[in-house]
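For reference, query_28.txt is printed below; it contains compact mmCIF, C-alpha atoms and all ligand atoms.
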# COMPACT_ATOMS: atom_id res chain seq x y z
CA MET A 145 23.44 -11.82 -9.29
CA SER A 146 23.44 -15.24 -7.60
CA SER A 147 23.55 -15.55 -3.83
CA GLY A 148 27.07 -16.93 -4.28
CA THR A 149 28.17 -13.57 -5.62
CA LEU A 150 26.47 -11.69 -2.76
CA GLN A 151 28.21 -14.05 -0.38
CA SER A 152 31.59 -13.25 -1.88
CA LEU A 153 30.89 -9.48 -1.87
CA LEU A 154 30.11 -9.69 1.85
CA ALA A 155 33.06 -11.95 2.60
CA ALA A 156 35.43 -9.27 1.26
CA PHE A 157 35.15 -7.47 4.62
CA ASP A 158 36.23 -8.85 7.99
CA PRO A 159 34.45 -6.94 10.79
CA GLU A 160 36.70 -8.41 13.47
CA VAL A 161 39.94 -6.72 12.30
CA PRO A 162 40.91 -4.06 14.88
CA LEU A 163 40.89 -0.38 13.92
CA GLU A 164 44.68 -0.10 13.55
CA ARG A 165 44.72 -2.81 10.89
CA ALA A 166 41.22 -2.40 9.47
CA SER A 167 40.08 -1.28 6.04
CA THR A 168 36.66 0.10 5.18
CA ILE A 169 33.85 -1.98 3.74
CA PRO A 170 34.51 -2.36 0.01
CA ASN A 171 33.20 0.02 -2.67
CA THR A 172 30.82 -2.67 -3.96
CA TRP A 173 28.75 -2.39 -0.78
CA TYR A 174 27.89 1.14 -1.87
CA THR A 175 26.96 0.21 -5.43
CA SER A 176 25.50 -3.32 -5.43
CA PRO A 177 21.69 -3.57 -5.68
CA ASP A 178 21.94 -6.93 -3.88
CA VAL A 179 23.69 -5.42 -0.88
CA TYR A 180 21.10 -2.63 -0.90
CA ALA A 181 18.23 -5.16 -0.93
CA LEU A 182 19.80 -7.08 1.93
CA GLU A 183 20.20 -3.85 3.95
CA ARG A 184 16.52 -2.99 3.55
CA ASP A 185 15.71 -6.21 5.35
CA ALA A 186 18.62 -6.92 7.68
CA VAL A 187 19.24 -3.32 8.73
CA PHE A 188 16.18 -1.13 8.18
CA ALA A 189 13.48 -3.71 8.99
CA HIS A 190 15.40 -4.88 12.07
CA THR A 191 16.10 -1.60 13.85
CA TRP A 192 13.97 1.02 15.56
CA GLN A 193 13.39 3.78 13.02
CA MET A 194 12.40 7.35 13.81
CA VAL A 195 9.35 8.20 11.69
CA GLY A 196 8.11 11.54 12.94
CA ARG A 197 7.39 13.91 15.76
CA ARG A 198 5.27 12.93 18.70
CA GLU A 199 3.39 16.22 18.80
CA ARG A 200 1.85 15.35 15.42
CA VAL A 201 0.08 12.32 16.93
CA ALA A 202 -0.65 13.73 20.37
CA ARG A 203 -4.47 13.73 20.11
CA PRO A 204 -6.95 10.98 19.21
CA GLY A 205 -7.42 10.76 15.45
CA GLN A 206 -4.09 12.35 14.58
CA PHE A 207 -1.93 10.36 12.20
CA LEU A 208 1.37 10.59 10.37
CA THR A 209 2.81 8.57 7.52
CA ALA A 210 6.39 7.65 6.71
CA ASP A 211 8.45 5.48 4.44
CA VAL A 212 10.97 3.12 6.03
CA ALA A 213 13.34 1.97 3.30
CA GLY A 214 10.49 1.57 0.83
CA GLU A 215 7.85 0.29 3.29
CA PRO A 216 4.95 2.72 3.82
CA VAL A 217 4.00 3.07 7.48
CA LEU A 218 1.06 4.79 9.17
CA VAL A 219 1.06 5.86 12.83
CA VAL A 220 -2.28 6.85 14.36
CA ARG A 221 -3.56 7.77 17.82
CA GLY A 222 -6.77 5.81 18.48
CA GLU A 223 -9.94 7.15 20.08
CA ASP A 224 -8.79 5.24 23.18
CA GLY A 225 -5.56 7.25 23.29
CA THR A 226 -3.39 4.30 22.24
CA LEU A 227 -0.72 4.96 19.65
CA ARG A 228 -0.72 2.29 16.93
CA ALA A 229 1.27 1.74 13.76
CA PHE A 230 0.43 -0.23 10.63
CA PHE A 231 1.81 -0.94 7.22
CA ASN A 232 0.12 1.77 5.18
CA VAL A 233 -0.77 -0.76 2.49
CA CYS A 234 -4.39 -1.56 1.66
CA ARG A 235 -5.45 -5.20 1.83
CA HIS A 236 -7.39 -4.84 -1.44
CA ARG A 237 -4.77 -3.90 -4.08
CA ALA A 238 -1.81 -2.64 -2.05
CA ALA A 239 -2.38 1.07 -2.54
CA ARG A 240 -1.41 3.33 0.33
CA VAL A 241 -4.37 3.86 2.62
CA CYS A 242 -3.37 7.37 3.77
CA THR A 243 -1.52 9.55 1.32
CA ASP A 244 -1.21 12.68 3.50
CA GLU A 245 1.99 13.26 5.45
CA CYS A 246 -0.07 13.90 8.59
CA GLY A 247 -3.53 14.96 9.64
CA THR A 248 -6.59 14.09 11.71
CA ALA A 249 -9.14 11.41 10.78
CA THR A 250 -12.07 9.53 12.27
CA LYS A 251 -11.50 6.63 9.89
CA LEU A 252 -8.87 5.65 7.37
CA ARG A 253 -10.19 5.58 3.82
CA CYS A 254 -8.07 4.09 1.07
CA HIS A 255 -7.69 6.56 -1.75
CA TYR A 256 -7.90 3.87 -4.46
CA HIS A 257 -11.28 2.09 -4.13
CA GLY A 258 -12.44 3.55 -0.85
CA TRP A 259 -12.12 0.65 1.60
CA THR A 260 -12.26 2.06 5.10
CA TYR A 261 -10.45 0.98 8.26
CA ASP A 262 -11.03 2.25 11.77
CA LEU A 263 -8.24 3.87 13.76
CA ALA A 264 -7.38 0.48 15.28
CA GLY A 265 -6.74 -0.90 11.78
CA ASN A 266 -9.89 -3.03 11.52
CA LEU A 267 -11.50 -3.20 8.12
CA ARG A 268 -14.95 -1.58 8.33
CA GLY A 269 -16.25 -0.48 4.95
CA VAL A 270 -15.95 -2.63 1.80
CA PRO A 271 -17.96 -1.08 -1.05
CA GLU A 272 -19.71 -3.40 -3.53
CA PHE A 273 -18.43 -6.67 -2.10
CA ASP A 274 -21.79 -8.46 -1.84
CA GLY A 275 -21.56 -11.97 -3.22
CA VAL A 276 -17.83 -12.33 -2.51
CA GLU A 277 -17.32 -15.73 -0.90
CA ASN A 278 -14.96 -16.75 1.92
CA PHE A 279 -14.13 -13.15 2.71
CA ARG A 280 -14.09 -12.01 6.32
CA ARG A 281 -13.50 -8.41 7.20
CA GLU A 282 -11.86 -9.44 10.44
CA ASP A 283 -9.11 -11.21 8.44
CA ASN A 284 -8.38 -8.10 6.41
CA GLY A 285 -7.26 -5.50 8.91
CA LEU A 286 -4.09 -3.49 8.41
CA PRO A 287 -0.99 -5.41 9.55
CA ALA A 288 0.35 -3.94 12.82
CA VAL A 289 3.86 -2.54 13.22
CA ALA A 290 5.60 -2.05 16.58
CA VAL A 291 5.58 1.58 17.69
CA ALA A 292 6.99 3.43 20.70
CA GLU A 293 7.60 7.00 21.81
CA TRP A 294 10.77 8.48 23.21
CA GLY A 295 11.86 12.11 23.44
CA PRO A 296 10.00 14.24 20.90
CA PHE A 297 10.02 11.29 18.47
CA VAL A 298 7.88 8.38 17.30
CA TRP A 299 9.70 5.15 16.41
CA VAL A 300 8.64 2.00 14.58
CA HIS A 301 10.18 -1.44 14.15
CA LEU A 302 9.01 -3.26 11.01
CA THR A 303 9.74 -6.76 12.32
CA PRO A 304 8.85 -7.80 15.88
CA PRO A 305 11.50 -6.12 18.06
CA ARG A 306 13.42 -8.13 20.64
CA GLU A 307 13.53 -7.64 24.39
CA PRO A 308 16.92 -7.62 26.16
CA HIS A 309 16.69 -11.35 26.91
CA GLY A 310 15.91 -12.06 23.27
CA ALA A 311 12.15 -12.73 23.21
CA ALA A 312 10.26 -11.13 20.34
CA VAL A 313 7.69 -8.49 21.30
CA LYS A 314 4.45 -8.59 19.30
CA PRO A 315 3.68 -5.32 17.48
CA GLY A 316 0.42 -4.79 19.39
CA SER A 317 1.98 -5.53 22.82
CA ALA A 318 1.63 -3.28 25.82
CA GLY A 319 3.40 0.04 25.32
CA ASP A 320 5.91 -0.47 28.12
CA ARG A 321 7.30 -3.67 26.59
CA LEU A 322 7.85 -1.91 23.29
CA ARG A 323 9.26 1.12 25.05
CA GLY A 324 11.62 -1.22 26.95
CA SER A 325 12.89 -2.62 23.66
CA LEU A 326 13.34 0.89 22.26
CA ASP A 327 15.17 2.09 25.40
CA THR A 328 17.56 -0.84 25.15
CA PHE A 329 18.20 -0.04 21.51
CA LEU A 330 18.84 3.66 22.25
CA GLY A 331 21.20 2.73 25.10
CA PRO A 332 23.36 5.62 26.37
CA LEU A 333 21.34 8.19 24.41
CA VAL A 334 18.51 7.76 26.94
CA SER A 335 20.59 8.56 30.02
CA TRP A 336 22.36 11.42 28.22
CA ALA A 337 19.02 13.04 27.34
CA GLU A 338 17.71 12.54 30.89
CA THR A 339 20.81 13.93 32.60
CA ARG A 340 21.05 16.93 30.28
CA LYS A 341 17.28 17.44 30.17
CA ALA A 342 18.14 17.65 26.51
CA PHE A 343 14.58 18.06 25.20
CA ASP A 344 13.16 20.28 27.94
CA GLY A 345 11.82 23.53 26.55
CA LEU A 346 12.80 22.70 22.97
CA LYS A 347 10.29 23.46 20.24
CA TRP A 348 10.31 22.22 16.66
CA TYR A 349 10.95 25.08 14.25
CA ALA A 350 11.53 23.88 10.69
CA ARG A 351 12.28 20.96 8.42
CA ARG A 352 14.63 20.84 5.43
CA SER A 353 15.09 17.89 3.08
CA TYR A 354 18.03 17.25 0.80
CA ASP A 355 18.23 14.61 -1.94
CA LEU A 356 21.77 13.33 -2.40
CA ALA A 357 23.25 11.28 -5.22
CA CYS A 358 25.00 8.90 -2.86
CA ASN A 359 24.41 5.69 -0.96
CA TRP A 360 23.04 6.28 2.56
CA LYS A 361 26.26 4.88 4.06
CA VAL A 362 28.42 7.55 2.41
CA TYR A 363 26.49 10.14 4.40
CA ALA A 364 26.85 8.10 7.61
CA ASP A 365 30.59 7.59 7.00
CA ASN A 366 31.02 11.32 6.51
CA TYR A 367 29.18 12.01 9.76
CA LEU A 368 31.23 9.45 11.66
CA ASP A 369 34.79 10.46 10.77
CA GLY A 370 35.50 11.97 14.18
CA GLY A 371 35.78 15.54 12.94
CA TYR A 372 38.52 14.49 10.50
CA HIS A 373 37.00 16.61 7.70
CA VAL A 374 35.86 19.58 9.77
CA ASN A 375 38.95 21.73 9.23
CA THR A 376 39.12 21.04 5.51
CA VAL A 377 35.45 20.98 4.47
CA HIS A 378 33.76 23.22 7.08
CA PRO A 379 36.07 26.20 7.73
CA ALA A 380 33.39 28.26 9.54
CA LEU A 381 32.41 25.40 11.85
CA ALA A 382 36.08 24.61 12.50
CA GLY A 383 36.48 28.05 14.02
CA ALA A 384 33.78 27.34 16.62
CA LEU A 385 34.92 23.86 17.75
CA ASP A 386 37.77 22.99 20.06
CA TYR A 387 39.12 20.28 17.76
CA ARG A 388 41.85 19.13 20.18
CA GLU A 389 39.12 18.16 22.64
CA TYR A 390 37.01 16.34 20.02
CA ARG A 391 36.17 12.84 21.32
CA THR A 392 34.39 9.84 19.81
CA VAL A 393 32.82 7.20 22.05
CA CYS A 394 31.20 4.05 20.62
CA ASP A 395 28.64 2.27 22.78
CA GLY A 396 25.84 -0.12 21.83
CA HIS A 397 23.99 1.18 18.79
CA THR A 398 25.39 4.68 19.23
CA VAL A 399 28.46 6.74 18.49
CA LEU A 400 28.81 10.02 20.41
CA GLN A 401 31.15 12.66 19.06
CA SER A 402 31.59 15.64 21.34
CA ALA A 403 33.68 18.77 21.70
CA PRO A 404 33.50 22.01 23.63
CA THR A 405 32.85 25.06 21.49
CA LYS A 406 35.10 28.11 21.54
CA PRO A 407 34.26 31.75 20.88
CA SER A 408 34.24 32.55 17.17
CA GLU A 409 33.01 35.07 14.63
CA GLY A 410 29.79 35.37 12.67
CA ASP A 411 26.58 33.36 12.66
CA THR A 412 28.42 30.14 13.45
CA GLY A 413 30.00 31.60 16.59
CA ARG A 414 26.71 33.16 17.67
CA THR A 415 24.61 30.02 17.23
CA ARG A 416 27.11 27.29 18.19
CA THR A 417 27.88 27.59 21.92
CA GLY A 418 28.05 25.26 24.92
CA ASP A 419 29.11 21.66 24.46
CA ALA A 420 28.61 20.18 21.01
CA ALA A 421 27.21 16.65 21.08
CA TYR A 422 26.75 14.70 17.86
CA TRP A 423 24.88 11.45 18.43
CA TRP A 424 24.62 8.81 15.74
CA LEU A 425 22.15 5.98 16.20
CA TYR A 426 22.60 2.88 14.07
CA PRO A 427 21.98 2.93 11.22
CA ASN A 428 20.60 6.28 9.97
CA PHE A 429 19.62 8.74 12.70
CA MET A 430 21.68 11.67 14.00
CA LEU A 431 20.97 14.13 16.79
CA ASN A 432 23.10 17.27 17.07
CA SER A 433 22.98 19.45 20.13
CA TYR A 434 24.42 22.81 21.24
CA ALA A 435 23.20 25.23 23.89
CA GLY A 436 19.52 25.94 23.06
CA VAL A 437 19.88 24.38 19.60
CA MET A 438 19.15 20.86 18.39
CA ASP A 439 18.69 19.28 15.02
CA THR A 440 18.09 15.73 13.91
CA ASN A 441 19.14 14.19 10.60
CA LEU A 442 17.34 11.17 9.26
CA VAL A 443 19.01 9.47 6.31
CA LEU A 444 16.41 7.75 4.13
CA PRO A 445 17.75 5.31 1.56
CA LEU A 446 15.96 5.88 -1.78
CA ALA A 447 18.06 3.66 -4.05
CA VAL A 448 21.52 2.14 -3.94
CA ASP A 449 23.00 5.46 -5.09
CA ARG A 450 20.47 7.94 -3.70
CA CYS A 451 19.35 9.05 -0.28
CA ARG A 452 17.29 11.81 1.29
CA VAL A 453 18.52 13.56 4.41
CA VAL A 454 15.76 15.16 6.48
CA PHE A 455 16.76 17.84 8.99
CA ASP A 456 14.41 18.86 11.79
CA PHE A 457 15.44 21.99 13.69
CA TYR A 458 14.47 22.59 17.32
CA PHE A 459 15.22 25.61 19.51
CA ALA A 460 14.83 26.61 23.13
CA ASP A 461 11.73 28.68 23.83
CA ALA A 462 13.67 31.84 24.65
CA VAL A 463 15.54 31.89 21.33
CA GLY A 464 14.60 34.75 19.00
CA GLU A 465 13.55 34.50 15.35
CA GLU A 466 16.74 36.05 14.01
CA PHE A 467 18.89 33.56 15.90
CA LYS A 468 16.81 30.65 14.57
CA ARG A 469 17.20 31.80 10.99
CA GLN A 470 20.94 32.24 11.39
CA SER A 471 21.26 28.85 13.01
CA VAL A 472 19.38 27.10 10.19
CA ASP A 473 21.56 28.97 7.66
CA VAL A 474 24.69 27.71 9.42
CA ALA A 475 23.40 24.12 9.27
CA GLU A 476 22.47 24.52 5.59
CA GLN A 477 25.94 25.80 4.77
CA VAL A 478 27.52 22.78 6.51
CA GLN A 479 25.07 20.47 4.71
CA GLN A 480 25.92 21.91 1.28
CA GLU A 481 29.61 21.36 2.03
CA ASP A 482 28.88 17.76 3.07
CA ILE A 483 26.72 17.08 0.00
CA GLY A 484 29.60 18.11 -2.25
CA VAL A 485 32.05 15.60 -0.78
CA CYS A 486 29.46 12.81 -0.38
CA GLU A 487 28.38 12.91 -4.02
CA GLU A 488 31.98 13.04 -5.19
CA VAL A 489 32.83 10.00 -3.05
CA GLN A 490 29.88 8.05 -4.47
CA ARG A 491 30.99 8.77 -8.05
CA ASN A 492 34.45 7.47 -7.30
CA LEU A 493 33.20 4.42 -5.40
CA SER A 494 31.57 3.48 -8.71
CA GLY A 495 34.84 4.08 -10.57
CA ARG A 496 37.62 1.63 -11.33
CA SER A 497 40.42 2.81 -9.06
CA TYR A 498 39.13 2.46 -5.49
CA THR A 499 38.10 -0.57 -3.49
CA THR A 500 38.79 0.10 0.20
CA GLY A 501 40.58 2.67 2.36
CA ARG A 502 42.24 2.78 5.79
CA PHE A 503 41.08 4.54 8.98
CA SER A 504 42.83 7.17 11.10
CA ALA A 505 43.28 5.29 14.38
CA LYS A 506 43.19 8.65 16.20
CA ARG A 507 40.01 10.01 14.58
CA GLU A 508 37.98 7.41 12.77
CA ASN A 509 36.98 4.83 15.40
CA GLY A 510 33.30 5.82 14.92
CA GLY A 511 33.28 5.01 11.22
CA HIS A 512 35.06 1.73 11.83
CA TYR A 513 32.53 0.84 14.54
CA PHE A 514 29.71 1.45 12.05
CA HIS A 515 31.33 -0.80 9.46
CA GLN A 516 31.83 -3.52 12.06
CA MET A 517 28.17 -3.43 13.12
CA LEU A 518 26.94 -3.36 9.56
CA GLY A 519 29.33 -6.08 8.42
CA ARG A 520 28.26 -8.42 11.21
CA GLU A 521 24.55 -7.80 10.56
CA LEU A 522 24.75 -8.30 6.80
CA GLN A 523 26.97 -11.35 6.99
CA SER A 524 24.81 -13.04 9.59
CA ALA A 525 21.59 -12.21 7.68
CA GLU A 526 23.04 -13.59 4.45
CA ARG A 527 24.19 -16.76 6.24
CA GLY A 528 20.68 -17.12 7.68
CA THR A 529 19.10 -16.86 4.21
CA ARG A 530 21.51 -19.48 2.83
CA ASN A 531 20.89 -21.89 5.72
CA ALA A 532 17.15 -21.55 5.18
CA GLU A 533 17.44 -22.41 1.47
S1 LIG B 601 -6.42 -0.67 -2.99
FE1 LIG B 601 -7.40 0.15 -1.27
S2 LIG B 601 -9.47 0.01 -1.75
FE2 LIG B 601 -8.52 -0.89 -3.46
FE FE B 602 30.52 17.45 7.63
Exercise: express the given structure as structure tokens:
Amino acid sequence: MSSGTLQSLLAAFDPEVPLERASTIPNTWYTSPDVYALERDAVFAHTWQMVGRRERVARPGQFLTADVAGEPVLVVRGEDGTLRAFFNVCRHRAARVCTDECGTATKLRCHYHGWTYDLAGNLRGVPEFDGVENFRREDNGLPAVAVAEWGPFVWVHLTPPREPHGAAVKPGSAGDRLRGSLDTFLGPLVSWAETRKAFDGLKWYARRSYDLACNWKVYADNYLDGGYHVNTVHPALAGALDYREYRTVCDGHTVLQSAPTKPSEGDTGRTRTGDAAYWWLYPNFMLNSYAGVMDTNLVLPLAVDRCRVVFDFYFADAVGEEFKRQSVDVAEQVQQEDIGVCEEVQRNLSGRSYTTGRFSAKRENGGHYFHQMLGRELQSAERGTRNAE
């Protein structure tokens, strides 16, 4: 597809139309490989991305690996206590250096031909390279990626992140500058977590991953519909939420959906109490909180029509094993219900009848906000590419 066609696909959506008159982004944005390729750069390489849990890289030598929209990343705590991140791509033939999901190491040894890097990313060992000319180890370290810690999470930014006044922060910069950039990106989520002491006493319990046959945005849209589908798709959850009090607030890179819970039957009623807060962070991270219960959902794009949703479950210390199991079961039930509608939507977005749809002005301001942000980002990135040509 020529860039002219990508340009016309993107031009089919006007992000400045207000909610009451707006339509969704068109179906082609969920099916076009060119839009998907643009998103990998303009969205996923230009946002802070959650890549793992902080406790996994708490001690010197501990590392974790992740994949950010197809880019392998390695996060490692150095002997000096500094947390660093790199592209997990060997300078020799582009194999991944570390293939384990996490672990502890004194050096990083590429699994392909055995080149070794130290924990600061410097190339140290190069087997059988005598006689190679114009080759300097110091020019062949692992490329650094910006990394910062917030809450129980580790975050990376594949391109140099920006400070509030717009200056780019180098990946290896002092931690507080990177943390400042991350805090700005997280916006109201930071003060919410501080005020609520949202992470105090929470412990990670389990992870579940789901592969979905849908574009990553279908999952985000479904999450952001302001509770519009709760009564129809999630009958058990509907019983536990005070739907009349359900609110959606859009601010910065976040959308917060919240509602008080109400007493209800069964595992859902037992495990869903207090105030429900559903945070979405542009573009692909969700944090769901109830009294003593939190889970995060990370939506990993795998292909234009496939994504993986990774759930991490956290519970308050005092919570018993039985409660935890029931709570995870409740989340899994809701997830299975969501998977059904998401995959059905993707099939029909690829069909011949549907191009765009309208938004409920009462409920769907969050989804519209997402489309506005995405539309602006993609259109401006595509304009930038064209101007540079
Ligand atoms: S690709 Fe890493 S040593 Fe060859
Ligand atoms: Fe849902």
Using only C-alpha atoms, which residue out of A:Leu385, A:Ala532, A:Val362, A:Ala318 lies closest to Ile169 (chain A)?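 Selected residue with least distance to Ile169 (chain A): A:Val362.
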Counting all atoms listed in the file, name the residues that have an atom within 6 Å of an atom of ligand LIG 601 (chain B); the answer should be given as a short mmCIF file (atom, residue, chain, number, x, y, z; two decimals) with C-alpha atoms, keeping the file's coordinate frame.
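What landed in part.cif:
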data_model
loop_
_atom_site.label_atom_id
_atom_site.label_comp_id
_atom_site.auth_asym_id
_atom_site.auth_seq_id
_atom_site.Cartn_x
_atom_site.Cartn_y
_atom_site.Cartn_z
CA CYS A 234 -4.39 -1.56 1.66
CA HIS A 236 -7.39 -4.84 -1.44
CA ARG A 237 -4.77 -3.90 -4.08
CA ALA A 238 -1.81 -2.64 -2.05
CA ALA A 239 -2.38 1.07 -2.54
CA CYS A 254 -8.07 4.09 1.07
CA TYR A 256 -7.90 3.87 -4.46
CA HIS A 257 -11.28 2.09 -4.13
CA GLY A 258 -12.44 3.55 -0.85
CA TRP A 259 -12.12 0.65 1.60
#
Using all atoms listed in the file, which residues have at least one atom no more than 8 Å from ligand FE 602 (chain B)? Output them as number ranges by chain. A: 366-367, 371, 373-374, 377-378, 478-479, 481-482
With distances taken over all atoms listed in the file, which residue among A:Asp327, A:Val313, A:Ser167, A:Phe455 lies nearest Ala350 (chain A)? A:Phe455
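Using all atoms listed in the file, the nearest neighbour of Ala311 (chain A) within the list A:Ser325, A:Asn171, A:Asn284, A:Ser524 is A:Ser325.
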Under the rule of at most 10 Å, produce a per-residue listing of region 239-350 of chain A near region 426-438 of chain A: chain, number, name, the closest pair of atoms, and the distance in Å, as a Markdown table, using all atoms listed in the file.
| residue | atom | partner | partner_atom | distance |
| --- | --- | --- | --- | --- |
| A:Phe329 | CA | A:Tyr426 | CA | 9.1 |
| A:Leu330 | CA | A:Tyr426 | CA | 9.0 |
| A:Leu333 | CA | A:Leu431 | CA | 9.7 |
| A:Ala342 | CA | A:Ser433 | CA | 8.2 |
| A:Phe343 | CA | A:Met438 | CA | 8.7 |
| A:Asp344 | CA | A:Gly436 | CA | 9.8 |
| A:Gly345 | CA | A:Gly436 | CA | 8.8 |
| A:Leu346 | CA | A:Gly436 | CA | 7.5 |
| A:Lys347 | CA | A:Met438 | CA | 9.4 |
| A:Trp348 | CA | A:Met438 | CA | 9.1 |
Between CA of Asp178 (chain A) and CA of Gln151 (chain A), what distance in Å does the model show, to one decimal? 10.1 Å
Dig up all the protein and nucleic acid residues within 12 Å of (33.5, -7.8, 1.5) in the file frame, using only C-alpha atoms, and format them as a PDB file with C-alpha atoms, in the coordinates of the input.
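And here is the file that came out, selection_23.pdb:
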ATOM      1  CA  THR A 149      28.170 -13.570  -5.620  1.00  0.00           C
ATOM      2  CA  LEU A 150      26.470 -11.690  -2.760  1.00  0.00           C
ATOM      3  CA  GLN A 151      28.210 -14.050  -0.380  1.00  0.00           C
ATOM      4  CA  SER A 152      31.590 -13.250  -1.880  1.00  0.00           C
ATOM      5  CA  LEU A 153      30.890  -9.480  -1.870  1.00  0.00           C
ATOM      6  CA  LEU A 154      30.110  -9.690   1.850  1.00  0.00           C
ATOM      7  CA  ALA A 155      33.060 -11.950   2.600  1.00  0.00           C
ATOM      8  CA  ALA A 156      35.430  -9.270   1.260  1.00  0.00           C
ATOM      9  CA  PHE A 157      35.150  -7.470   4.620  1.00  0.00           C
ATOM     10  CA  ASP A 158      36.230  -8.850   7.990  1.00  0.00           C
ATOM     11  CA  PRO A 159      34.450  -6.940  10.790  1.00  0.00           C
ATOM     12  CA  SER A 167      40.080  -1.280   6.040  1.00  0.00           C
ATOM     13  CA  THR A 168      36.660   0.100   5.180  1.00  0.00           C
ATOM     14  CA  ILE A 169      33.850  -1.980   3.740  1.00  0.00           C
ATOM     15  CA  PRO A 170      34.510  -2.360   0.010  1.00  0.00           C
ATOM     16  CA  ASN A 171      33.200   0.020  -2.670  1.00  0.00           C
ATOM     17  CA  THR A 172      30.820  -2.670  -3.960  1.00  0.00           C
ATOM     18  CA  TRP A 173      28.750  -2.390  -0.780  1.00  0.00           C
ATOM     19  CA  TYR A 174      27.890   1.140  -1.870  1.00  0.00           C
ATOM     20  CA  SER A 176      25.500  -3.320  -5.430  1.00  0.00           C
ATOM     21  CA  VAL A 179      23.690  -5.420  -0.880  1.00  0.00           C
ATOM     22  CA  THR A 499      38.100  -0.570  -3.490  1.00  0.00           C
ATOM     23  CA  THR A 500      38.790   0.100   0.200  1.00  0.00           C
ATOM     24  CA  HIS A 515      31.330  -0.800   9.460  1.00  0.00           C
ATOM     25  CA  GLN A 516      31.830  -3.520  12.060  1.00  0.00           C
ATOM     26  CA  LEU A 518      26.940  -3.360   9.560  1.00  0.00           C
ATOM     27  CA  GLY A 519      29.330  -6.080   8.420  1.00  0.00           C
ATOM     28  CA  ARG A 520      28.260  -8.420  11.210  1.00  0.00           C
ATOM     29  CA  LEU A 522      24.750  -8.300   6.800  1.00  0.00           C
ATOM     30  CA  GLN A 523      26.970 -11.350   6.990  1.00  0.00           C
TER      31      GLN A 523
END
Residues near Glu488 (chain A), cut-off 12 Å, all atoms listed in the file, skip fewer than 3 positions along chain, as a PyMOL selection string: chain A and resi 356-359+362-363+366+449+481-485+491-495
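CA of Val399 (chain A) lies 21.6 Å from CA of Gly196 (chain A).
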Find the residues near Asp365 (chain A): any atom within 10 Å, counting only C-alpha atoms, skip ones fewer than 5 places away on the same chain, and give them as an MDAnalysis selection string. chainID A and resid 168 360 370 486 508 510:512 514:515
Residue nearest Asp456 (chain A) among A:Tyr354, A:Ala505, A:Phe231, A:Asp320 (counting all atoms listed in the file): A:Tyr354
Which residue, A:Trp336, A:Tyr261, A:Phe279, A:Tyr349, has the smallest gap to Val463 (chain A) when you use all atoms listed in the file? A:Tyr349
